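S.K.: I'd like to ask some things about the structure below.
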Amino acid sequence: MSDTQLTVTIDGGGADDARVVVRALEGAFGAPDALPSDDSATVHMATFASEGRTGAGQPRAGRLSAPVNVTVQGTPLAVRRARDTLAGAFTARDAGAASGDQEQEWQLLLEP
């Protein structure tokens, strides 16, 4: 696993909200494996496996239509970068964290 591999799970809102969250992370992690596209899904996922970008500018955040719960899981460095990026792009509240030997998981509530 690279230092920036990250899995993002988004629940709440719709596919448009999930795409807004994923696009906000692109500045720090590059393009995901795919953008959320299933409008009937209630949970959306994206995986970032690139080495990321150093010195990335402000995240390209759109506007959320509803509160969404986001879980980021990966290496400690990737989770910290994702948490910082999302907190800078949205109104975010920590909703819990779990740490393992080599991976972390952090949950955030993002509000419109």
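Residue numbers start at 1 in each chain; chains themselves are named A, B, ... in the order of the structure tokens; ligands are numbered from 1 in the order shown.
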Name the residues of chain A that come out as strand (DSSP E or B) in a backbone DSSP run; write them as a PyMOL selection string.
M.R.: chain A and resi 6-11+43-48+68-74+91-99+104-111
S.K.: Neighbouring residues of stretch 35-40 of chain A were defined as those with any atom within 9 Å, considering only C-alpha atoms; residues of the same chain fewer than 6 positions away were excluded. Please report them as an NGL selection string.
M.R.: :A and (14-16 or 18-19 or 22-23 or 46)
S.K.: For those residues, write C-alpha atoms to a file as a PDB file, in the first residue's frame.
M.R.:
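Saved result, out-v3.pdb, follows:
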ATOM      1  CA  GLY A  14     -27.128  11.523  -3.576  1.00  0.00           C
ATOM      2  CA  ALA A  15     -24.659  10.763  -6.328  1.00  0.00           C
ATOM      3  CA  ASP A  16     -24.172  14.493  -6.986  1.00  0.00           C
ATOM      4  CA  ALA A  18     -20.801  12.065  -3.509  1.00  0.00           C
ATOM      5  CA  ARG A  19     -19.158  13.497  -6.642  1.00  0.00           C
ATOM      6  CA  VAL A  22     -14.690  13.060  -4.365  1.00  0.00           C
ATOM      7  CA  ARG A  23     -13.786  16.098  -6.479  1.00  0.00           C
ATOM      8  CA  ALA A  46     -14.170   5.889  -4.459  1.00  0.00           C
TER       9      ALA A  46
END
S.K.: Could you name the residues that touch stretch 66-81 of chain A at 7 Å or less, counting only C-alpha atoms, but leaving out those on the same chain fewer than 4 positions away, as a list in words?
M.R.: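 Counting only the stated atoms, we get Asp3, Thr4, Gln5, Leu6, Thr7, Val8, Thr9, Ile10, Asp11, Gly12, Gly13, Thr85, Gln102, Glu103, Gln104, Glu105, Trp106, Gln107, Leu108, Leu109, Leu110, Glu111 and Pro112 of chain A.
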S.K.: Could you work out how far atom CA of A:Gly100 lies from atom CA of A:Glu26, giving the answer in Å with one decimal?
M.R.: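 Those two atoms sit 25.3 Å apart.
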S.K.: What does the structure give for the distance between atom CA of A:Ala24 and atom CA of A:Gly96, in Å to one decimal?
M.R.: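 Rounded to one decimal, the two atoms are 20.8 Å apart.
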